[in-house]
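Engineer: Input: one structure, supplied below.
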2 protein chains.
Amino acid sequence: MTVTLADVAARARVSAATVSRVLSGNYPVAERTRGRVLRAVEELEYVVNGPASALAAASSDLVGILVNDLADPFFGIIAGAVQGELSGAAGPGGEKLAVVCSTGGSPERELRYLTLLQRQRAAAVVLTGSASEDPEHARALAAKLARLSGAGTRVVLCGRPAQPASPAAEPPATLTTLAFDNRGGAQRLTAHLVALGHRRIGCAAGPAGRTTTGERVAGHRAALAAGGIADAPHRTVHGAYDRASGYDAAVELLRRDAGLTAIVAANDAVALGACAALRDRGLRVPEDLSVAGFDDLPFSADAAPALTTVRLPLEEAGARAGRLATGREERPPGGLATLRAELLVRASTSVAYP
Amino acid sequence: MTVTLADVAARARVSAATVSRVLSGNYPVAERTRGRVLRAVEELEYVVNGPASALAAASSDLVGILVNDLADPFFGIIAGAVQGELSGAAGPGGEKLAVVCSTGGSPERELRYLTLLQRQRAAAVVLTGSASEDPEHARALAAKLARLSGAGTRVVLCGRPAQPASPAAEPPATLTTLAFDNRGGAQRLTAHLVALGHRRIGCAAGPAGRTTTGERVAGHRAALAAGGIADAPHRTVHGAYDRASGYDAAVELLRRDAGLTAIVAANDAVALGACAALRDRGLRVPEDLSVAGFDDLPFSADAAPALTTVRLPLEEAGARAGRLATGREERPPGGLATLRAELLVRASTSVAYP
DNA sequence: AACGGGACAGCAAGCGCTTTCTGTCGTGAG
DNA sequence: CTCACGACAGAAAGCGCTTGCTGTCCCGTT
């Protein structure tokens, strides 16, 4: 029923070996022969059997991409950029395919998908977004990544901090980290607010126990401290990285301290949710309260008011990750690069009117 | 170096056949034996070789998802929903992996990715978003899909109209279409504008030659006709489905007819771009011009002003596509289902003030 | 004219797993 | 007590492709 290499070989009157070599193109084949083979391939509409060649060659052209949530533009942009680089410049091994896995932030699913990718003998794996801070999972993850690395799978951490150094040795040469300067960005953002005279700033943070949340909150705290503002734990609430959580967070923050003059959110969606909550309670942004987001997703500029936020080079990060995954880019020294986070002041923040 | 089935078999003191059967679980194996095998698997940290089993079993657990642009939430939401269903309820064949391919709207790349997926012997393929209207490509695509179908790959068209019936016969039983009622939605949207008194309505349409664009424009025209408004070709401009195009389109539409009182956009991003253009020229929405979007992506409610748009059941469509792809949902009668498009009136449209 | 060597093409041995067909027990029925 | 049969487990034949090793042929050298 289905056409195989042997069929093509028969039609082209050559051996299967020759056909294979023509198709993979890494062995001298006479021009005449090549032509005959190619014609046979055309005529028979032959399509290589991927699994078979993966088995024989002990390599596959699948690249795994782990994301929290594909529907979130933050991850969509990164995944899209990674994928874009996989098809570009069909370097060694030709076209790669992106296997996208949504973990929903669950460490278990993260591990499970990694096993699935390991099973597929993926050529590379890109882990995006924040990681769990649970030491047990961190250990399990490190072990898994080490095993993948050991099997020749390239591993790229994109938008998450470097794996905590394993007790044994430094990260393997096939593990690269592309981190975002979440801490610095958050710090500059809160410093901006402080400079505008804000003293009572609420923090609608992301889910507890995740590296990104931790980093952003740390930056926020650092800026407060630098401004001589006492730490007020009750001014921070945790929630998911979505709009609904932002709404709830704003309500809760205001309940705890009605005198807040600003809110920094975990990301843009949360900020928009917070804005909606404020609007519903008759508060104006930024006249009554300033609100700031994080990430600078495309829609944040069109929001009302346009969101002050921190721009992360999502696209660049994804593209680099894709190139690293296909071995088309030199890994940075030490296997770690930190990407800048740039403060973007727009209309949602202004001086504090106490 | 790497652990194989044989290693596990040796350790469990059984044959490779038995191990395989324990792992795939579709053949009686005594409880004691099974236990021994499972333990050996644990101890050796054995992970099946995907390509090898795919080859032997002539089946893979890869499902292809073709999208225009992963970074666009429209596709991110659909792809995420499809993917979500792949892991859910590990039915026959267990966990499936999603291979996401961005075609960028290029029919060539669409075809190329389909070949790549065919090469991987994908279990199913989901094509999302609009299709090219070029008859030649339509034919090539139909042929490709027929070949995939013939090879047992399930094919789901999600958010695009049914393939034009091939001259030969009706679509194969493994081809299902989940279409959006773009035409109806667009018609209701423009009718809403007409009812508000608008007579000079600009249309910032999507790229020419794509089914979605065609359907939405057709709906728009139908509503105009129903309202007794003469067709004015110069009031329609085509562009990409992004914000920048929306900006340009608005500028161009206004240049052609400064008396426009409303603009219907190809989608929400285009609408937001148009709003930005109007804002830049000192025009207020909706006081000076009404603007409407399409799709109802999450951010459109937070825009300024909140966008009147047409809600498409993206999530539902993706989820159904995922279930159809894994054979977990009965295909609708005739292999075609059309999903409702619901008009959502918000703040960006109001009565026309001539 | 004999020979060394380059340039191709083919043989055949796997790659690691699935599955059909056999074989071996243990047990209930006769 | 014997026979038939159900319930497992194993042997072995591929699945379709890659690749190291062998040829074979033809050409340039000496």
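Each chain in the structure tokens gets a letter, A, B and so on, in the order shown; residues start at 1 in every chain, and ligands are counted from 1 in the order they appear.
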Tell me the residues of chain A close to chain C, meaning within 9 Å using only C-alpha atoms (C1' of nucleotides), as a list in words.

Structural biologist: Val14, Ser15, Ala16, Ala17, Thr18, Pro28, Val29, Ala30, Ala52, Ala54, Leu55, Ala56, Ala57 and Ala58 of chain A

Engineer: Counting only C-alpha atoms, a student should be able to say which residues of chain B come within 7 Å of chain A; what is the right answer, written as a ChimeraX atom specification?

Structural biologist: /B:47-52,54-55,69-71,73,76-77,80,97-101,119-120,272,299,302-304

Engineer: Please give the complete set of residues from stretch 27-253 of chain A that DSSP, run on the backbone, assigns to helix (DSSP H, G or I), formatted as a PyMOL selection string.

Structural biologist: chain A and resi 31-44+50-57+73-87+107-119+135-150+182-195+211-226+233-235+243-253

Engineer: Would you mind exporting C-alpha atoms of the selected residues as a short mmCIF file (atom, residue, chain, number, x, y, z; two decimals), in the first residue's frame?

Structural biologist:
data_model
loop_
_atom_site.label_atom_id
_atom_site.label_comp_id
_atom_site.auth_asym_id
_atom_site.auth_seq_id
_atom_site.Cartn_x
_atom_site.Cartn_y
_atom_site.Cartn_z
CA GLU A 31 24.45 13.17 -11.06
CA ARG A 32 22.75 10.78 -13.45
CA THR A 33 21.87 8.37 -10.70
CA ARG A 34 20.62 11.11 -8.47
CA GLY A 35 18.36 12.35 -11.21
CA ARG A 36 16.86 8.94 -11.75
CA VAL A 37 16.24 8.50 -8.06
CA LEU A 38 14.67 11.90 -7.69
CA ARG A 39 12.39 11.22 -10.60
CA ALA A 40 11.30 7.92 -9.09
CA VAL A 41 10.60 9.67 -5.82
CA GLU A 42 8.44 12.17 -7.65
CA GLU A 43 6.56 9.62 -9.65
CA LEU A 44 5.87 7.41 -6.69
CA GLY A 50 10.19 9.34 9.78
CA PRO A 51 10.10 6.81 12.59
CA ALA A 52 12.07 4.32 10.56
CA SER A 53 14.82 6.73 9.73
CA ALA A 54 14.83 8.09 13.25
CA LEU A 55 15.32 4.58 14.50
CA ALA A 56 18.06 3.70 12.08
CA ALA A 57 19.87 6.98 12.40
CA PRO A 73 0.39 35.51 24.35
CA PHE A 74 3.47 35.61 26.54
CA PHE A 75 4.08 31.98 25.68
CA GLY A 76 2.56 32.17 22.25
CA ILE A 77 5.10 34.79 21.26
CA ILE A 78 8.02 32.83 22.63
CA ALA A 79 6.87 29.52 21.19
CA GLY A 80 6.17 31.15 17.86
CA ALA A 81 9.66 32.60 17.76
CA VAL A 82 11.26 29.29 18.68
CA GLN A 83 9.26 27.51 16.05
CA GLY A 84 10.13 30.12 13.49
CA GLU A 85 13.80 29.39 13.93
CA LEU A 86 13.31 25.66 13.58
CA SER A 87 12.19 25.90 10.01
CA PRO A 107 5.81 20.45 37.77
CA GLU A 108 4.47 16.92 37.39
CA ARG A 109 3.26 17.57 33.90
CA GLU A 110 6.52 19.26 33.11
CA LEU A 111 8.34 16.09 34.09
CA ARG A 112 5.87 13.91 32.27
CA TYR A 113 6.23 15.85 29.06
CA LEU A 114 9.98 15.69 29.35
CA THR A 115 9.72 11.93 29.55
CA LEU A 116 7.49 11.89 26.53
CA LEU A 117 10.00 13.98 24.65
CA GLN A 118 12.80 11.77 25.80
CA ARG A 119 10.83 8.87 24.45
CA PRO A 135 13.46 21.92 45.93
CA GLU A 136 12.23 18.40 45.39
CA HIS A 137 10.91 19.17 41.96
CA ALA A 138 13.97 21.20 41.18
CA ARG A 139 16.04 18.14 41.93
CA ALA A 140 13.85 15.82 39.89
CA LEU A 141 13.92 18.29 37.03
CA ALA A 142 17.69 18.66 37.20
CA ALA A 143 18.05 14.89 37.09
CA LYS A 144 15.75 14.64 34.12
CA LEU A 145 17.54 17.38 32.24
CA ALA A 146 20.86 15.78 32.99
CA ARG A 147 19.62 12.53 31.53
CA LEU A 148 18.36 14.28 28.43
CA SER A 149 21.59 16.17 28.05
CA GLY A 150 23.50 12.98 28.49
CA ASN A 182 12.86 40.07 36.06
CA ARG A 183 14.37 41.34 39.23
CA GLY A 184 15.99 44.36 37.63
CA GLY A 185 12.90 45.19 35.64
CA ALA A 186 10.64 45.01 38.66
CA GLN A 187 13.04 47.08 40.63
CA ARG A 188 13.15 49.84 38.04
CA LEU A 189 9.39 49.76 37.76
CA THR A 190 8.79 50.21 41.47
CA ALA A 191 11.58 52.78 41.65
CA HIS A 192 9.71 54.73 39.01
CA LEU A 193 6.62 54.68 41.16
CA VAL A 194 8.57 55.69 44.23
CA ALA A 195 10.08 58.57 42.29
CA THR A 211 10.86 31.64 40.17
CA THR A 212 9.42 34.47 38.10
CA THR A 213 7.13 35.53 40.90
CA GLY A 214 9.99 35.41 43.34
CA GLU A 215 12.27 37.48 41.18
CA ARG A 216 9.73 40.16 40.44
CA VAL A 217 8.69 40.48 44.05
CA ALA A 218 12.32 40.64 45.08
CA GLY A 219 12.93 43.50 42.66
CA HIS A 220 9.89 45.30 43.97
CA ARG A 221 11.04 44.92 47.57
CA ALA A 222 14.50 46.07 46.72
CA ALA A 223 13.14 49.26 45.20
CA LEU A 224 10.95 49.87 48.22
CA ALA A 225 13.89 49.40 50.53
CA ALA A 226 16.00 51.71 48.41
CA PRO A 233 3.72 42.08 53.72
CA HIS A 234 0.00 42.69 53.71
CA ARG A 235 0.44 44.84 50.61
CA ARG A 243 -6.99 38.90 34.35
CA ALA A 244 -9.44 37.46 36.84
CA SER A 245 -6.72 37.14 39.45
CA GLY A 246 -5.80 40.74 38.85
CA TYR A 247 -9.34 41.82 39.47
CA ASP A 248 -9.54 39.87 42.71
CA ALA A 249 -6.11 41.00 43.80
CA ALA A 250 -7.00 44.66 43.40
CA VAL A 251 -10.16 44.21 45.42
CA GLU A 252 -8.28 42.42 48.15
CA LEU A 253 -5.43 44.91 48.24
#

Engineer: Could you tell me how far atom CA of B:Asp268 sits from atom CA of B:Val351, in Å to one decimal place?

Structural biologist: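 Atom CA of B:Val351 sits 20.3 Å away from atom CA of B:Asp268.
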
Engineer: Find the residues around A:Ile263 up to 10 Å (only C-alpha atoms (C1' of nucleotides) counted), leave out those fewer than 2 positions away in its own chain, and share them as JSON, numbers by chain.

Structural biologist: {"A": [190, 193, 198, 200, 201, 202, 203, 204, 205, 235, 236, 249, 250, 253, 254, 260, 261, 265, 266, 271, 274, 275, 289, 290, 291, 292, 293, 349]}

Engineer: Would you put the residues from that selection into a file with N, CA, C and O atoms, as a CSV table (one decimal), in the first residue's frame?

Structural biologist:
chain,number,residue,atom,x,y,z
A,190,THR,N,9.2,49.7,40.2
A,190,THR,CA,8.8,50.2,41.5
A,190,THR,C,9.5,51.5,41.8
A,190,THR,O,9.0,52.4,42.4
A,193,LEU,N,7.8,54.3,40.4
A,193,LEU,CA,6.6,54.7,41.2
A,193,LEU,C,7.0,55.5,42.4
A,193,LEU,O,6.4,56.5,42.8
A,198,HIS,N,4.9,57.8,45.2
A,198,HIS,CA,4.1,56.7,45.8
A,198,HIS,C,4.8,56.1,47.0
A,198,HIS,O,6.0,55.9,47.0
A,200,ARG,N,2.6,54.0,49.3
A,200,ARG,CA,1.8,52.8,49.7
A,200,ARG,C,1.4,52.1,48.4
A,200,ARG,O,0.5,52.4,47.7
A,201,ILE,N,2.3,51.2,48.0
A,201,ILE,CA,2.1,50.5,46.8
A,201,ILE,C,1.7,49.0,47.0
A,201,ILE,O,2.4,48.3,47.7
A,202,GLY,N,0.6,48.6,46.4
A,202,GLY,CA,0.2,47.3,46.5
A,202,GLY,C,0.9,46.4,45.4
A,202,GLY,O,1.3,46.9,44.4
A,203,CYS,N,1.0,45.1,45.7
A,203,CYS,CA,1.7,44.2,44.8
A,203,CYS,C,0.8,43.0,44.5
A,203,CYS,O,0.5,42.2,45.4
A,204,ALA,N,0.3,43.0,43.3
A,204,ALA,CA,-0.5,41.8,42.8
A,204,ALA,C,0.4,40.8,42.2
A,204,ALA,O,0.6,40.8,41.0
A,205,ALA,N,1.0,40.0,43.0
A,205,ALA,CA,2.1,39.1,42.6
A,205,ALA,C,1.5,37.9,41.9
A,205,ALA,O,0.3,37.6,42.0
A,235,ARG,N,0.7,44.1,51.9
A,235,ARG,CA,0.4,44.8,50.6
A,235,ARG,C,0.8,44.0,49.4
A,235,ARG,O,0.8,44.4,48.3
A,236,THR,N,1.1,42.7,49.7
A,236,THR,CA,1.3,41.8,48.6
A,236,THR,C,0.3,40.6,48.6
A,236,THR,O,0.1,40.0,49.7
A,249,ALA,N,-7.2,40.5,43.0
A,249,ALA,CA,-6.1,41.0,43.8
A,249,ALA,C,-6.3,42.5,44.1
A,249,ALA,O,-6.1,42.9,45.3
A,250,ALA,N,-6.8,43.2,43.2
A,250,ALA,CA,-7.0,44.7,43.4
A,250,ALA,C,-8.0,44.9,44.5
A,250,ALA,O,-7.9,45.7,45.4
A,253,LEU,N,-6.4,43.9,47.8
A,253,LEU,CA,-5.4,44.9,48.2
A,253,LEU,C,-6.1,46.2,48.8
A,253,LEU,O,-5.7,46.7,49.8
A,254,LEU,N,-7.1,46.6,48.1
A,254,LEU,CA,-7.8,47.8,48.6
A,254,LEU,C,-8.6,47.6,49.9
A,254,LEU,O,-8.7,48.5,50.7
A,260,LEU,N,-4.0,52.9,49.4
A,260,LEU,CA,-3.0,52.6,48.3
A,260,LEU,C,-3.1,53.7,47.2
A,260,LEU,O,-4.1,54.1,46.9
A,261,THR,N,-1.9,54.0,46.7
A,261,THR,CA,-1.9,55.0,45.6
A,261,THR,C,-1.4,54.3,44.3
A,261,THR,O,-1.4,55.0,43.3
A,265,ALA,N,1.5,45.0,39.1
A,265,ALA,CA,0.9,43.7,38.9
A,265,ALA,C,2.0,42.7,38.4
A,265,ALA,O,3.0,43.1,37.9
A,266,ALA,N,1.6,41.5,38.5
A,266,ALA,CA,2.5,40.4,38.1
A,266,ALA,C,2.8,40.4,36.6
A,266,ALA,O,3.9,40.1,36.2
A,271,ALA,N,-2.6,43.3,35.5
A,271,ALA,CA,-2.8,44.8,35.6
A,271,ALA,C,-4.1,45.2,35.0
A,271,ALA,O,-4.8,46.0,35.6
A,274,ALA,N,-6.8,44.4,37.3
A,274,ALA,CA,-6.8,45.3,38.4
A,274,ALA,C,-7.5,46.6,38.0
A,274,ALA,O,-8.3,47.2,38.7
A,275,CYS,N,-7.1,47.1,36.8
A,275,CYS,CA,-7.8,48.3,36.3
A,275,CYS,C,-9.3,48.2,36.2
A,275,CYS,O,-10.0,49.1,36.6
A,289,LEU,N,-5.3,56.0,41.4
A,289,LEU,CA,-4.3,55.0,41.6
A,289,LEU,C,-3.5,54.8,40.3
A,289,LEU,O,-4.1,54.8,39.2
A,290,SER,N,-2.2,54.6,40.5
A,290,SER,CA,-1.4,54.2,39.4
A,290,SER,C,-1.4,52.7,39.3
A,290,SER,O,-1.5,52.0,40.3
A,291,VAL,N,-1.3,52.2,38.1
A,291,VAL,CA,-1.2,50.7,37.9
A,291,VAL,C,-0.2,50.4,36.9
A,291,VAL,O,0.0,51.1,35.9
A,292,ALA,N,0.6,49.4,37.2
A,292,ALA,CA,1.7,49.0,36.2
A,292,ALA,C,1.6,47.5,36.0
A,292,ALA,O,1.3,46.7,36.8
A,293,GLY,N,2.0,47.2,34.7
A,293,GLY,CA,2.0,45.8,34.4
A,293,GLY,C,3.4,45.2,34.2
A,293,GLY,O,4.4,45.8,34.8
A,349,THR,N,0.5,55.3,34.9
A,349,THR,CA,1.1,55.7,36.2
A,349,THR,C,1.4,57.2,36.1
A,349,THR,O,1.7,57.8,35.1

Engineer: Residues of stretch 123-240 of chain A in strand (DSSP E or B) according to DSSP, as a list in words?

Structural biologist: Ala124, Val125, Val126, Leu127, Thr128, Ser132, Arg154, Val155, Val156, Leu157, Cys158, Leu175, Thr176, Thr177, Leu178, Ala179, Phe180, Ile201, Gly202, Cys203, Ala204, Ala205, Arg210, Thr236, Val237 and His238 of chain A

Engineer: Contacts between chain A and chain D, please, where a residue of chain D counts if it comes within 6 Å (with only C-alpha atoms (C1' of nucleotides)); show its shortest atom pair and distance in Å to one decimal, rows by chain and ascending number, as a tab-separated table.

Structural biologist:
residue	atom	partner	partner_atom	distance
D:DG16	C1'	A:Ala52	CA	5.2
D:DC17	C1'	A:Ser53	CA	4.8
D:DT18	C1'	A:Ala56	CA	5.4

Engineer: If we count only C-alpha atoms (C1' of nucleotides), what is near A:Val155 at a cut-off of 7 Å, once residues fewer than 4 positions away on the same chain are taken out, given as a list in words?

Structural biologist: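 My reading of the contact set: Ala124, Val125, Val126, Ser149, Thr174, Leu175, Thr176 and Ala325 of chain A.
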
Engineer: For the selection just defined, write its residues with N, CA and C atoms to a file, as a PDB file, in the first residue's frame.

Structural biologist:
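Writing done, so here's selection16.pdb:
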ATOM      1  N   ALA A 124      16.076  18.402  20.774  1.00  0.00           N
ATOM      2  CA  ALA A 124      16.287  19.468  21.746  1.00  0.00           C
ATOM      3  C   ALA A 124      14.995  19.715  22.513  1.00  0.00           C
ATOM      4  N   VAL A 125      15.149  20.379  23.633  1.00  0.00           N
ATOM      5  CA  VAL A 125      13.996  20.718  24.456  1.00  0.00           C
ATOM      6  C   VAL A 125      14.172  22.141  24.961  1.00  0.00           C
ATOM      7  N   VAL A 126      13.132  22.936  24.813  1.00  0.00           N
ATOM      8  CA  VAL A 126      13.173  24.315  25.298  1.00  0.00           C
ATOM      9  C   VAL A 126      12.149  24.457  26.419  1.00  0.00           C
ATOM     10  N   SER A 149      20.325  15.637  28.529  1.00  0.00           N
ATOM     11  CA  SER A 149      21.594  16.172  28.054  1.00  0.00           C
ATOM     12  C   SER A 149      22.544  15.027  27.741  1.00  0.00           C
ATOM     13  N   THR A 174      25.503  21.016  27.003  1.00  0.00           N
ATOM     14  CA  THR A 174      24.366  21.104  26.090  1.00  0.00           C
ATOM     15  C   THR A 174      23.201  21.809  26.762  1.00  0.00           C
ATOM     16  N   LEU A 175      23.464  22.411  27.920  1.00  0.00           N
ATOM     17  CA  LEU A 175      22.399  23.104  28.650  1.00  0.00           C
ATOM     18  C   LEU A 175      22.682  24.589  28.607  1.00  0.00           C
ATOM     19  N   THR A 176      21.762  25.340  28.062  1.00  0.00           N
ATOM     20  CA  THR A 176      21.945  26.782  27.980  1.00  0.00           C
ATOM     21  C   THR A 176      20.780  27.492  28.648  1.00  0.00           C
ATOM     22  N   ALA A 325      18.732  25.676  20.120  1.00  0.00           N
ATOM     23  CA  ALA A 325      18.184  24.314  20.080  1.00  0.00           C
ATOM     24  C   ALA A 325      18.614  23.577  18.823  1.00  0.00           C
TER      25      ALA A 325
END

Engineer: For the atom pair atom CA of B:Thr177 and atom CA of B:Leu307, what is the interatomic distance in Å to one decimal place?

Structural biologist: 29.2 Å

Engineer: State, in Å with one decimal place, the distance from atom CA of B:Ala321 to atom CA of B:Tyr241.

Structural biologist: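 So the answer is 23.0 Å.
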